[in-house]
$ cat final12.cif   # mmCIF, C-alpha atoms
data_final
loop_
_atom_site.label_atom_id
_atom_site.label_comp_id
_atom_site.auth_asym_id
_atom_site.auth_seq_id
_atom_site.Cartn_x
_atom_site.Cartn_y
_atom_site.Cartn_z
CA MET A 135 170.32 95.43 98.94
CA ALA A 136 168.48 98.71 99.51
CA THR A 137 167.57 98.98 95.81
CA VAL A 138 165.80 95.62 95.89
CA ASN A 139 163.91 96.58 99.02
CA MET A 140 162.83 99.90 97.54
CA ASP A 141 161.68 98.14 94.37
CA ARG A 142 159.59 95.81 96.50
CA LEU A 143 158.02 98.73 98.35
CA LEU A 144 157.21 100.51 95.10
CA GLN A 145 155.73 97.33 93.63
CA ALA A 146 153.66 96.73 96.78
CA CYS A 147 152.24 100.26 96.54
CA VAL A 148 151.29 99.71 92.88
CA THR A 149 149.76 96.24 93.30
CA GLN A 150 147.88 97.04 96.53
CA GLY A 151 146.41 100.26 95.17
CA GLY A 152 148.28 102.55 97.56
CA SER A 153 148.54 106.30 97.13
CA ASP A 154 151.61 106.94 99.34
CA ILE A 155 154.54 105.15 100.95
CA HIS A 156 155.89 106.40 104.30
CA ILE A 157 159.43 105.43 105.30
CA VAL A 158 160.31 106.50 108.83
CA THR A 159 162.82 105.27 111.40
CA GLY A 160 161.35 103.17 114.21
CA ARG A 161 158.57 101.35 112.40
CA PRO A 162 158.02 99.26 109.26
CA PRO A 163 157.23 100.99 105.96
CA VAL A 164 153.62 102.19 105.79
CA LEU A 165 151.26 102.39 102.80
CA ARG A 166 148.32 104.75 102.57
CA ILE A 167 145.50 102.79 100.94
CA ASP A 168 142.08 104.43 100.38
CA GLY A 169 143.08 107.19 102.76
CA ARG A 170 144.09 104.89 105.63
CA LEU A 171 147.62 104.03 106.84
CA ARG A 172 148.59 100.34 106.85
CA SER A 173 151.95 99.00 108.02
CA LEU A 174 153.71 96.40 105.89
CA GLU A 175 154.83 93.18 107.54
CA THR A 176 158.55 93.83 107.28
CA LYS A 177 161.31 94.70 109.73
CA VAL A 178 161.27 97.89 111.76
CA LEU A 179 163.47 100.39 109.93
CA GLU A 180 166.75 101.52 111.50
CA PRO A 181 168.34 104.91 110.67
CA ASP A 182 170.78 103.15 108.32
CA ASP A 183 167.89 101.43 106.48
CA ALA A 184 166.14 104.73 105.80
CA ALA A 185 169.41 106.33 104.64
CA ALA A 186 170.15 103.41 102.29
CA LEU A 187 166.64 103.51 100.83
CA MET A 188 167.01 107.25 100.29
CA LYS A 189 170.33 106.86 98.47
CA SER A 190 168.91 104.15 96.20
CA ILE A 191 166.50 106.57 94.50
CA THR A 192 167.82 110.10 95.11
CA PRO A 193 169.85 112.00 92.48
CA ASP A 194 173.12 113.53 93.67
CA ARG A 195 171.87 117.12 93.45
CA ASN A 196 168.89 116.25 95.67
CA GLN A 197 171.16 114.50 98.18
CA GLN A 198 173.20 117.67 98.32
CA GLU A 199 170.05 119.77 98.80
CA LEU A 200 168.95 117.42 101.61
CA GLN A 201 172.27 117.99 103.39
CA GLU A 202 172.18 121.76 102.93
CA GLU A 203 168.48 122.50 103.39
CA GLY A 204 167.20 119.55 105.42
CA GLY A 205 164.75 118.47 102.73
CA THR A 206 164.31 117.87 99.00
CA ASP A 207 161.61 116.97 96.47
CA PHE A 208 161.79 115.23 93.10
CA GLY A 209 159.96 112.78 90.87
CA PHE A 210 161.03 109.55 89.17
CA ALA A 211 159.55 106.77 87.03
CA PHE A 212 159.13 103.21 88.33
CA GLY A 213 159.47 101.48 84.98
CA ASP A 214 156.18 101.65 83.07
CA ALA A 215 154.11 100.93 86.18
CA ALA A 216 153.94 104.41 87.73
CA ARG A 217 155.72 107.62 88.62
CA PHE A 218 156.42 108.71 92.17
CA ARG A 219 156.70 112.19 93.65
CA VAL A 220 159.20 112.04 96.51
CA ALA A 221 159.60 114.25 99.56
CA ILE A 222 162.68 113.52 101.71
CA PHE A 223 163.29 115.36 104.96
CA LYS A 224 165.17 115.07 108.24
CA GLN A 225 163.55 114.61 111.63
CA LYS A 226 165.43 114.07 114.90
CA GLY A 227 168.56 113.79 112.75
CA ASN A 228 167.18 110.81 110.79
CA ILE A 229 165.88 110.47 107.23
CA SER A 230 162.15 110.23 106.50
CA ILE A 231 160.69 109.66 103.02
CA VAL A 232 157.18 110.06 101.62
CA LEU A 233 156.54 108.79 98.09
CA ARG A 234 153.27 109.76 96.36
CA LEU A 235 152.21 107.41 93.55
CA ILE A 236 151.32 109.19 90.33
CA PRO A 237 149.50 106.71 88.04
CA THR A 238 150.75 106.49 84.46
CA LYS A 239 147.18 106.31 83.16
CA ILE A 240 145.44 109.67 82.99
CA MET A 241 141.76 109.41 83.90
CA THR A 242 138.89 110.85 81.84
CA PHE A 243 136.28 113.39 82.96
CA GLU A 244 133.75 110.57 83.34
CA GLU A 245 136.07 108.38 85.42
CA ILE A 246 136.73 111.08 88.02
CA GLY A 247 133.18 112.45 87.89
CA LEU A 248 133.99 116.01 86.78
CA PRO A 249 131.04 118.29 85.93
CA LYS A 250 130.32 118.09 82.18
CA ILE A 251 130.74 121.83 81.72
CA CYS A 252 134.47 121.42 82.48
CA ALA A 253 134.92 120.19 78.91
CA ALA A 254 133.33 123.37 77.56
CA LEU A 255 135.52 125.53 79.82
CA CYS A 256 138.64 123.79 78.49
CA ARG A 257 137.70 125.16 75.06
CA ARG A 258 137.94 128.75 76.30
CA PRO A 259 140.68 130.77 74.60
CA ARG A 260 141.58 132.68 77.78
CA GLY A 261 140.93 132.88 81.50
CA LEU A 262 142.00 131.45 84.87
CA PHE A 263 140.68 128.04 85.99
CA LEU A 264 141.54 127.10 89.59
CA VAL A 265 141.37 123.63 91.16
CA THR A 266 141.43 123.79 94.94
CA GLY A 267 141.32 121.53 97.95
CA PRO A 268 143.50 120.21 100.77
CA THR A 269 146.68 118.21 100.15
CA GLY A 270 145.88 114.75 98.81
CA SER A 271 142.46 115.66 97.42
CA GLY A 272 143.34 114.80 93.81
CA LYS A 273 143.99 118.29 92.40
CA THR A 274 146.94 117.09 90.31
CA THR A 275 144.86 114.25 88.83
CA THR A 276 142.06 116.66 87.91
CA LEU A 277 144.47 119.07 86.23
CA ALA A 278 146.15 116.23 84.33
CA CYS A 279 142.73 115.11 83.10
CA MET A 280 141.94 118.60 81.77
CA VAL A 281 145.35 119.05 80.12
CA ASN A 282 145.02 115.63 78.50
CA TYR A 283 141.55 116.52 77.19
CA ILE A 284 142.94 119.65 75.53
CA ASN A 285 145.96 117.70 74.27
CA GLU A 286 143.74 115.09 72.61
CA ASN A 287 141.10 117.40 71.14
CA PHE A 288 142.66 120.75 70.21
CA ASP A 289 145.76 122.04 68.46
CA ARG A 290 147.29 124.12 71.24
CA HIS A 291 150.73 124.83 72.62
CA ILE A 292 150.59 123.76 76.28
CA VAL A 293 153.34 124.78 78.71
CA THR A 294 153.35 123.39 82.26
CA VAL A 295 155.46 124.60 85.19
CA GLU A 296 155.61 122.00 87.96
CA ASP A 297 157.59 121.20 91.10
CA PRO A 298 158.22 118.35 90.42
CA ILE A 299 156.63 117.07 87.18
CA GLU A 300 154.07 114.46 88.18
CA TYR A 301 151.99 113.21 85.25
CA TYR A 302 154.02 112.93 82.04
CA HIS A 303 152.16 114.00 78.89
CA THR A 304 153.09 113.14 75.30
CA HIS A 305 152.41 115.28 72.22
CA LYS A 306 149.03 114.42 70.73
CA LYS A 307 146.96 116.96 68.82
CA SER A 308 148.71 119.66 70.86
CA ILE A 309 152.37 120.40 71.52
CA ILE A 310 153.18 120.07 75.23
CA ASN A 311 156.29 121.30 77.04
CA GLN A 312 156.68 120.46 80.73
CA ARG A 313 159.18 122.52 82.76
CA GLU A 314 160.36 121.34 86.16
CA VAL A 315 161.31 123.91 88.78
CA GLY A 316 164.87 123.30 89.94
CA ILE A 317 165.86 121.45 86.77
CA ASP A 318 164.54 123.36 83.76
CA VAL A 319 163.91 126.69 85.48
CA PRO A 320 164.93 128.09 88.90
CA SER A 321 161.46 129.19 90.10
CA PHE A 322 157.76 129.49 89.24
CA GLY A 323 158.16 133.26 88.98
CA GLU A 324 161.03 133.01 86.51
CA ALA A 325 159.14 130.44 84.40
CA LEU A 326 156.04 132.64 84.24
CA ARG A 327 158.08 135.73 83.36
CA ARG A 328 159.43 133.94 80.31
CA VAL A 329 156.44 131.82 79.30
CA LEU A 330 154.61 134.59 77.43
CA ARG A 331 157.49 134.71 74.90
CA GLN A 332 157.06 131.00 74.16
CA ASP A 333 153.82 131.35 72.14
CA PRO A 334 151.66 129.37 74.62
CA ASP A 335 147.91 128.85 74.31
CA VAL A 336 147.49 126.96 77.59
CA ILE A 337 149.64 127.40 80.73
CA LEU A 338 149.53 125.12 83.76
CA VAL A 339 151.12 126.44 86.96
CA GLY A 340 151.54 123.69 89.56
CA GLU A 341 150.58 125.94 92.48
CA LEU A 342 149.84 129.60 93.17
CA ARG A 343 152.24 129.87 96.11
CA ASP A 344 152.99 133.54 96.48
CA LEU A 345 152.25 137.07 95.36
CA GLU A 346 154.67 136.95 92.42
CA THR A 347 153.20 133.71 91.01
CA ILE A 348 149.58 134.86 91.46
CA GLU A 349 150.30 138.17 89.74
CA ALA A 350 151.98 136.37 86.82
CA ALA A 351 149.12 133.87 86.44
CA ILE A 352 146.48 136.62 86.39
CA ARG A 353 148.58 138.61 83.90
CA ALA A 354 148.87 135.55 81.63
CA ALA A 355 145.09 135.02 81.70
CA GLU A 356 144.56 138.72 81.04
CA THR A 357 146.82 138.68 77.98
CA GLY A 358 144.85 135.95 76.22
CA HIS A 359 145.93 132.57 77.61
CA LEU A 360 144.03 129.77 79.32
CA VAL A 361 145.73 129.28 82.70
CA PHE A 362 145.20 126.34 85.08
CA SER A 363 146.51 126.22 88.63
CA THR A 364 145.84 125.05 92.19
CA VAL A 365 145.29 126.73 95.56
CA HIS A 366 145.08 125.07 98.99
CA THR A 367 141.60 126.31 99.87
CA THR A 368 138.37 124.42 100.54
CA SER A 369 135.67 126.54 98.89
CA ALA A 370 135.11 128.71 95.84
CA ALA A 371 134.39 131.86 97.84
CA GLY A 372 137.35 131.14 100.16
CA THR A 373 139.66 130.82 97.15
CA ILE A 374 138.81 134.30 95.92
CA THR A 375 139.26 135.77 99.40
CA ARG A 376 142.63 133.99 99.82
CA ILE A 377 143.98 135.32 96.51
CA ILE A 378 142.90 138.89 97.23
CA ASP A 379 144.28 138.81 100.78
CA VAL A 380 147.77 137.94 99.47
CA PHE A 381 148.01 141.43 97.96
CA PRO A 382 148.74 144.66 99.84
CA VAL A 383 145.59 146.56 100.80
CA ASP A 384 146.21 149.33 98.28
CA GLN A 385 146.24 146.76 95.42
CA GLN A 386 143.23 144.70 96.46
CA GLU A 387 140.59 146.71 94.60
CA GLN A 388 142.58 146.38 91.37
CA ILE A 389 142.97 142.61 91.89
CA ARG A 390 139.21 142.23 92.45
CA ILE A 391 138.61 143.91 89.10
CA GLN A 392 141.21 141.70 87.38
CA LEU A 393 139.84 138.51 88.98
CA SER A 394 136.25 139.37 88.09
CA SER A 395 137.30 139.77 84.44
CA ASN A 396 139.67 136.81 84.14
CA LEU A 397 138.59 134.05 86.55
CA ILE A 398 136.38 131.56 84.70
CA SER A 399 135.89 128.80 87.26
CA VAL A 400 136.84 127.39 90.66
CA LEU A 401 136.59 123.65 91.27
CA SER A 402 137.05 122.70 94.94
CA GLN A 403 137.30 119.03 95.76
CA ALA A 404 137.55 116.58 98.64
CA LEU A 405 138.46 112.91 98.32
CA CYS A 406 136.28 110.49 100.30
CA PRO A 407 136.74 106.75 100.95
CA LEU A 408 133.87 104.73 99.48
CA ALA A 409 131.43 103.13 101.91
CA THR A 410 132.48 99.72 100.59
CA GLY A 411 135.95 100.26 102.07
CA ARG A 412 137.75 99.98 98.73
CA GLY A 413 138.43 102.95 96.49
CA ARG A 414 137.72 106.66 96.82
CA ILE A 415 135.41 109.17 95.20
CA ALA A 416 135.74 112.93 94.81
CA ALA A 417 133.13 115.38 96.08
CA TYR A 418 133.12 118.69 94.22
CA GLU A 419 132.16 122.30 94.75
CA PHE A 420 131.94 123.93 91.35
CA MET A 421 131.60 127.61 90.52
CA VAL A 422 131.44 129.13 87.04
CA VAL A 423 132.03 132.88 86.99
CA THR A 424 128.80 134.33 85.59
CA PRO A 425 128.24 138.10 85.21
CA ALA A 426 126.44 138.03 88.58
CA ILE A 427 129.37 136.33 90.34
CA ALA A 428 131.84 138.65 88.59
CA ASN A 429 129.92 141.58 90.11
CA LEU A 430 130.11 140.02 93.58
CA ILE A 431 133.90 139.63 93.23
CA ARG A 432 134.29 143.20 91.98
CA GLU A 433 132.11 144.63 94.78
CA ASN A 434 133.83 142.59 97.53
CA LYS A 435 130.68 140.59 98.32
CA THR A 436 132.18 137.10 98.23
CA TYR A 437 129.97 136.09 101.17
CA ARG A 438 127.06 135.99 98.69
CA ILE A 439 128.78 133.66 96.23
CA ASP A 440 127.39 130.48 97.85
CA SER A 441 123.86 131.71 97.12
CA SER A 442 124.77 132.34 93.48
CA ILE A 443 126.23 128.83 93.21
CA GLN A 444 122.95 127.38 94.51
CA THR A 445 120.99 129.23 91.83
CA GLY A 446 123.43 128.21 89.07
CA ARG A 447 122.58 124.51 88.85
CA LYS A 448 121.77 124.72 85.15
CA LEU A 449 125.44 125.50 84.56
CA GLY A 450 126.48 122.52 86.66
CA MET A 451 127.29 124.60 89.72
CA GLN A 452 126.98 123.02 93.16
CA LEU A 453 128.18 123.49 96.72
CA LEU A 454 130.46 120.91 98.30
CA ASP A 455 127.89 120.02 100.97
CA GLU A 456 125.24 119.37 98.29
CA HIS A 457 127.50 116.88 96.52
CA LEU A 458 128.51 115.23 99.81
CA TRP A 459 124.82 114.78 100.65
CA ASN A 460 124.11 113.28 97.21
CA LEU A 461 126.97 110.80 97.65
CA TYR A 462 125.73 109.84 101.13
CA ASP A 463 122.12 109.61 99.98
CA ALA A 464 123.20 107.26 97.17
CA GLY A 465 125.05 105.06 99.68
CA LYS A 466 128.47 105.80 98.18
CA ILE A 467 130.02 107.32 101.32
CA THR A 468 129.29 106.88 105.00
CA ARG A 469 127.50 109.41 107.15
CA ASP A 470 130.63 110.05 109.22
CA GLU A 471 132.68 110.74 106.09
CA MET A 472 130.05 113.19 104.86
CA LEU A 473 130.08 115.07 108.15
CA ASP A 474 133.91 115.04 108.38
CA LYS A 475 134.32 116.68 104.96
CA ALA A 476 131.33 119.06 105.15
CA ARG A 477 131.71 122.81 105.48
CA GLN A 478 128.49 123.00 107.53
CA PRO A 479 128.24 119.61 109.26
CA GLY A 480 125.46 120.76 111.58
CA ALA A 481 123.06 121.34 108.68
CA LEU A 482 123.87 117.95 107.14
CA TYR A 483 123.49 116.32 110.55
CA ASP A 484 119.96 117.71 110.81
CA LYS A 485 119.20 116.60 107.26
CA ALA A 486 120.46 113.08 108.03
CA VAL A 487 118.29 112.99 111.16
CA GLY A 488 115.31 113.93 109.02
CA LYS A 489 116.14 111.22 106.50
CA ILE A 490 116.35 108.59 109.22
CA GLY A 491 113.02 109.74 110.63
CA THR A 492 111.28 109.18 107.30
CA MET A 493 112.60 105.67 106.72
CA ARG A 494 109.27 103.98 107.40
CA ALA A 495 110.54 100.61 106.27
CA ARG A 496 112.92 100.47 109.18
CA SER A 497 111.94 99.57 112.70
CA LYS A 498 111.79 102.23 115.38
CA LYS A 499 114.53 100.40 117.27
CA GLU A 500 116.96 100.55 114.33
CA ALA A 501 116.27 104.23 113.73
CA THR A 502 116.76 105.07 117.41
CA LYS A 503 120.11 103.25 117.51
CA GLU A 504 121.35 105.08 114.40
CA LEU A 505 120.42 108.44 115.92
CA GLU A 506 122.24 107.54 119.14
CA ASP A 507 125.34 106.50 117.21
CA MET A 508 125.52 109.89 115.52
CA GLY A 509 125.97 111.53 118.88
CA PRO A 510 125.44 115.11 119.92
CA ILE A 511 128.96 116.35 119.13
CA LEU A 512 128.19 118.16 115.89
CA ARG A 513 125.27 120.05 117.42
CA ALA A 514 127.70 122.01 119.60
#

$ encode --input "final12.cif" --output "structure tokens"
Amino acid sequence: MATVNMDRLLQACVTQGGSDIHIVTGRPPVLRIDGRLRSLETKVLEPDDAAALMKSITPDRNQQELQEEGGTDFGFAFGDAARFRVAIFKQKGNISIVLRLIPTKIMTFEEIGLPKICAALCRRPRGLFLVTGPTGSGKTTTLACMVNYINENFDRHIVTVEDPIEYYHTHKKSIINQREVGIDVPSFGEALRRVLRQDPDVILVGELRDLETIEAAIRAAETGHLVFSTVHTTSAAGTITRIIDVFPVDQQEQIRIQLSSNLISVLSQALCPLATGRGRIAAYEFMVVTPAIANLIRENKTYRIDSSIQTGRKLGMQLLDEHLWNLYDAGKITRDEMLDKARQPGALYDKAVGKIGTMRARSKKEATKELEDMGPILRA
């Protein structure tokens, strides 16, 4: 039975610590574990197998959307063990499925290594807090951690708008309402148009996808709400540039002024496999909007933001490359992983060369081999 097989796949993902399941015609199911793809030792999937697995978990309305649009997304609970976010799409006329595991346990600030000042920023009565990074970098987990912290410690009304809902929250000290796009509300824009009438204190927008959503999120922050959201960018300065560039040229000066007044922080993250081969750790770039940084945003001098982050360490600010270096220096991630995720790999390459050169306890032969292994590629 397809249902039994899907249950086995879901259970395997949970017990083996996987983050994703890939179901595609022409090969066995594949788990992503610690960032790497590993095939399961089962039969190679035929088109009928993939279709049967799809039907075993997909609601009727999503099956209809798949037929009409060629793809659909939804979330579902796997008992008490986990939730899964599902993306189903067609390729070469066949069904492919990707299931992202959403753990039921929400991690704490300490467990995911968030800067301590994040807790203080969650107390703010208003402002825009952005979590950024590439797909699969843990943005949803970070946001869930922050929402849960507010939920446990403050009496707030929290409204989330998600597509689909990933982490489920229960009412604690706060009231929390989670709206799913496509089920509870037709679009992010429509949800944000109506949210201000719902007496919210905290608003979480799953993603700032377009001009309408960005405008609504900034407006909500401006009118006295704490707004959390995500953007697919890889640096604090790049996030600001991306948001401003979405707007027509004649509106960009106004948006700079609004951002400088309402943005409170940008947390950019990258998820790195641990050097031990088991588990992953997040590297962060963290920017708090100080009066100096607000001026840089307003004056269109975002290229100077990195320098301000470097001088803001007392507030917990740091550049991504600084954190990557610290993780490498502590032996938590490999050199290659550090260089792969770095924004300026050449500078970290030179720093690593310098570190190797000062390791007096190591023989000259060992040091020479390590330098050769690094190769000249990143110097280009």

$ closest_residue --input "final12.cif" --among "A:Ala253, A:Leu401, A:Ala354, A:Val315" --to "Tyr418 (chain A)" --atoms "all atoms listed in the file"
A:Leu401

$ closest_residue --input "final12.cif" --among "A:Ala371, A:Ile191, A:Leu345, A:Leu262" --to "Gly358 (chain A)" --atoms "only C-alpha atoms"
A:Leu262

$ residues_around --input "final12.cif" --residues "Arg414 (chain A)" --least-positions-apart "5" --cutoff "9 Å" --atoms "all atoms listed in the file" --output "VMD selection string"
chain A and resid 168 to 169 405 to 409 467

$ residues_around --input "final12.cif" --residues "region 436-440 of chain A" --least-positions-apart "2" --cutoff "12 Å" --atoms "all atoms listed in the file" --output "mmCIF file with C-alpha atoms, keeping the file's coordinate frame"
data_model
loop_
_atom_site.group_PDB
_atom_site.id
_atom_site.type_symbol
_atom_site.label_atom_id
_atom_site.label_comp_id
_atom_site.auth_asym_id
_atom_site.auth_seq_id
_atom_site.Cartn_x
_atom_site.Cartn_y
_atom_site.Cartn_z
ATOM 1 C CA SER A 369 135.670 126.540 98.890
ATOM 2 C CA ALA A 370 135.110 128.710 95.840
ATOM 3 C CA ALA A 371 134.390 131.860 97.840
ATOM 4 C CA GLY A 372 137.350 131.140 100.160
ATOM 5 C CA THR A 373 139.660 130.820 97.150
ATOM 6 C CA ILE A 374 138.810 134.300 95.920
ATOM 7 C CA THR A 375 139.260 135.770 99.400
ATOM 8 C CA ARG A 376 142.630 133.990 99.820
ATOM 9 C CA ILE A 378 142.900 138.890 97.230
ATOM 10 C CA ARG A 390 139.210 142.230 92.450
ATOM 11 C CA SER A 394 136.250 139.370 88.090
ATOM 12 C CA VAL A 400 136.840 127.390 90.660
ATOM 13 C CA GLU A 419 132.160 122.300 94.750
ATOM 14 C CA PHE A 420 131.940 123.930 91.350
ATOM 15 C CA MET A 421 131.600 127.610 90.520
ATOM 16 C CA VAL A 422 131.440 129.130 87.040
ATOM 17 C CA VAL A 423 132.030 132.880 86.990
ATOM 18 C CA THR A 424 128.800 134.330 85.590
ATOM 19 C CA PRO A 425 128.240 138.100 85.210
ATOM 20 C CA ALA A 426 126.440 138.030 88.580
ATOM 21 C CA ILE A 427 129.370 136.330 90.340
ATOM 22 C CA ALA A 428 131.840 138.650 88.590
ATOM 23 C CA ASN A 429 129.920 141.580 90.110
ATOM 24 C CA LEU A 430 130.110 140.020 93.580
ATOM 25 C CA ILE A 431 133.900 139.630 93.230
ATOM 26 C CA ARG A 432 134.290 143.200 91.980
ATOM 27 C CA GLU A 433 132.110 144.630 94.780
ATOM 28 C CA ASN A 434 133.830 142.590 97.530
ATOM 29 C CA SER A 442 124.770 132.340 93.480
ATOM 30 C CA ILE A 443 126.230 128.830 93.210
ATOM 31 C CA GLN A 444 122.950 127.380 94.510
ATOM 32 C CA THR A 445 120.990 129.230 91.830
ATOM 33 C CA GLY A 446 123.430 128.210 89.070
ATOM 34 C CA ARG A 447 122.580 124.510 88.850
ATOM 35 C CA MET A 451 127.290 124.600 89.720
ATOM 36 C CA GLN A 452 126.980 123.020 93.160
ATOM 37 C CA LEU A 453 128.180 123.490 96.720
ATOM 38 C CA LEU A 454 130.460 120.910 98.300
ATOM 39 C CA ASP A 455 127.890 120.020 100.970
ATOM 40 C CA GLU A 456 125.240 119.370 98.290
ATOM 41 C CA ARG A 477 131.710 122.810 105.480
#

$ resolve_selection --input "final12.cif" --expression "the PyMOL selection byres ((chain A and resi 357) around 12)" --output "short mmCIF file (atom, residue, chain, number, x, y, z; two decimals) with C-alpha atoms, in the frame of the given file"
data_model
loop_
_atom_site.label_atom_id
_atom_site.label_comp_id
_atom_site.auth_asym_id
_atom_site.auth_seq_id
_atom_site.Cartn_x
_atom_site.Cartn_y
_atom_site.Cartn_z
CA PRO A 259 140.68 130.77 74.60
CA ARG A 260 141.58 132.68 77.78
CA GLY A 261 140.93 132.88 81.50
CA LEU A 262 142.00 131.45 84.87
CA VAL A 329 156.44 131.82 79.30
CA LEU A 330 154.61 134.59 77.43
CA ARG A 331 157.49 134.71 74.90
CA ASP A 333 153.82 131.35 72.14
CA PRO A 334 151.66 129.37 74.62
CA ASP A 335 147.91 128.85 74.31
CA VAL A 336 147.49 126.96 77.59
CA ILE A 337 149.64 127.40 80.73
CA ALA A 350 151.98 136.37 86.82
CA ALA A 351 149.12 133.87 86.44
CA ILE A 352 146.48 136.62 86.39
CA ARG A 353 148.58 138.61 83.90
CA ALA A 354 148.87 135.55 81.63
CA ALA A 355 145.09 135.02 81.70
CA GLU A 356 144.56 138.72 81.04
CA GLY A 358 144.85 135.95 76.22
CA HIS A 359 145.93 132.57 77.61
CA LEU A 360 144.03 129.77 79.32
CA VAL A 361 145.73 129.28 82.70
CA GLN A 392 141.21 141.70 87.38
CA SER A 395 137.30 139.77 84.44
CA ASN A 396 139.67 136.81 84.14
#

$ residues_near_point --input "final12.cif" --point "(158.1, 97.8, 98.0)" --cutoff "12 Å" --atoms "all atoms listed in the file" --output "ChimeraX atom specification"
/A:136-150,152,154-157,162-165,173-176,187,212,233

$ closest_residue --input "final12.cif" --among "A:Arg195, A:Arg161, A:Arg258, A:Lys250" --to "Pro181 (chain A)" --atoms "all atoms listed in the file"
A:Arg161

$ resolve_selection --input "final12.cif" --expression "the PyMOL selection byres ((chain A and resi 231) around 10)" --output "list in words"
Ile155, His156, Ile157, Val158, Thr159, Pro163, Ala184, Ala185, Leu187, Met188, Gly205, Thr206, Asp207, Val220, Ala221, Ile222, Phe223, Lys224, Ile229, Ser230, Val232, Leu233 and Arg234 of chain A

$ write_last_selection --input "final12.cif" --atoms "C-alpha atoms" --output "mmCIF file, in the coordinates of the input"
data_model
loop_
_atom_site.group_PDB
_atom_site.id
_atom_site.type_symbol
_atom_site.label_atom_id
_atom_site.label_comp_id
_atom_site.auth_asym_id
_atom_site.auth_seq_id
_atom_site.Cartn_x
_atom_site.Cartn_y
_atom_site.Cartn_z
ATOM 1 C CA ILE A 155 154.540 105.150 100.950
ATOM 2 C CA HIS A 156 155.890 106.400 104.300
ATOM 3 C CA ILE A 157 159.430 105.430 105.300
ATOM 4 C CA VAL A 158 160.310 106.500 108.830
ATOM 5 C CA THR A 159 162.820 105.270 111.400
ATOM 6 C CA PRO A 163 157.230 100.990 105.960
ATOM 7 C CA ALA A 184 166.140 104.730 105.800
ATOM 8 C CA ALA A 185 169.410 106.330 104.640
ATOM 9 C CA LEU A 187 166.640 103.510 100.830
ATOM 10 C CA MET A 188 167.010 107.250 100.290
ATOM 11 C CA GLY A 205 164.750 118.470 102.730
ATOM 12 C CA THR A 206 164.310 117.870 99.000
ATOM 13 C CA ASP A 207 161.610 116.970 96.470
ATOM 14 C CA VAL A 220 159.200 112.040 96.510
ATOM 15 C CA ALA A 221 159.600 114.250 99.560
ATOM 16 C CA ILE A 222 162.680 113.520 101.710
ATOM 17 C CA PHE A 223 163.290 115.360 104.960
ATOM 18 C CA LYS A 224 165.170 115.070 108.240
ATOM 19 C CA ILE A 229 165.880 110.470 107.230
ATOM 20 C CA SER A 230 162.150 110.230 106.500
ATOM 21 C CA VAL A 232 157.180 110.060 101.620
ATOM 22 C CA LEU A 233 156.540 108.790 98.090
ATOM 23 C CA ARG A 234 153.270 109.760 96.360
#

$ atom_distance --input "final12.cif" --atom1 "CA of Ile167 (chain A)" --atom2 "CA of Leu482 (chain A)"
27.1 Å

$ residues_near_point --input "final12.cif" --point "(152.5, 104.5, 81.7)" --cutoff "6 Å" --atoms "only C-alpha atoms" --output "list in words"
Asp214, Ala215, Thr238 and Lys239 of chain A

$ resolve_selection --input "final12.cif" --expression "the PyMOL selection byres ((chain A and resi 469) around 10)" --output "PyMOL selection string"
chain A and resi 409+458-459+461-463+465-468+470-474+482-483+486+508

$ closest_residue --input "final12.cif" --among "A:Asn460, A:Gly340, A:Val380, A:Gln388" --to "Thr266 (chain A)" --atoms "all atoms listed in the file"
A:Gly340

$ atom_distance --input "final12.cif" --atom1 "CA of Gln403 (chain A)" --atom2 "CA of Ala416 (chain A)"
6.4 Å

$ atom_distance --input "final12.cif" --atom1 "CA of Arg172 (chain A)" --atom2 "CA of Gly151 (chain A)"
11.9 Å

$ closest_residue --input "final12.cif" --among "A:Leu248, A:Val265, A:Ile317, A:Leu171" --to "Phe208 (chain A)" --atoms "all atoms listed in the file"
A:Ile317

$ closest_residue --input "final12.cif" --among "A:Gly204, A:Lys485, A:Val281, A:Pro268" --to "Thr304 (chain A)" --atoms "all atoms listed in the file"
A:Val281
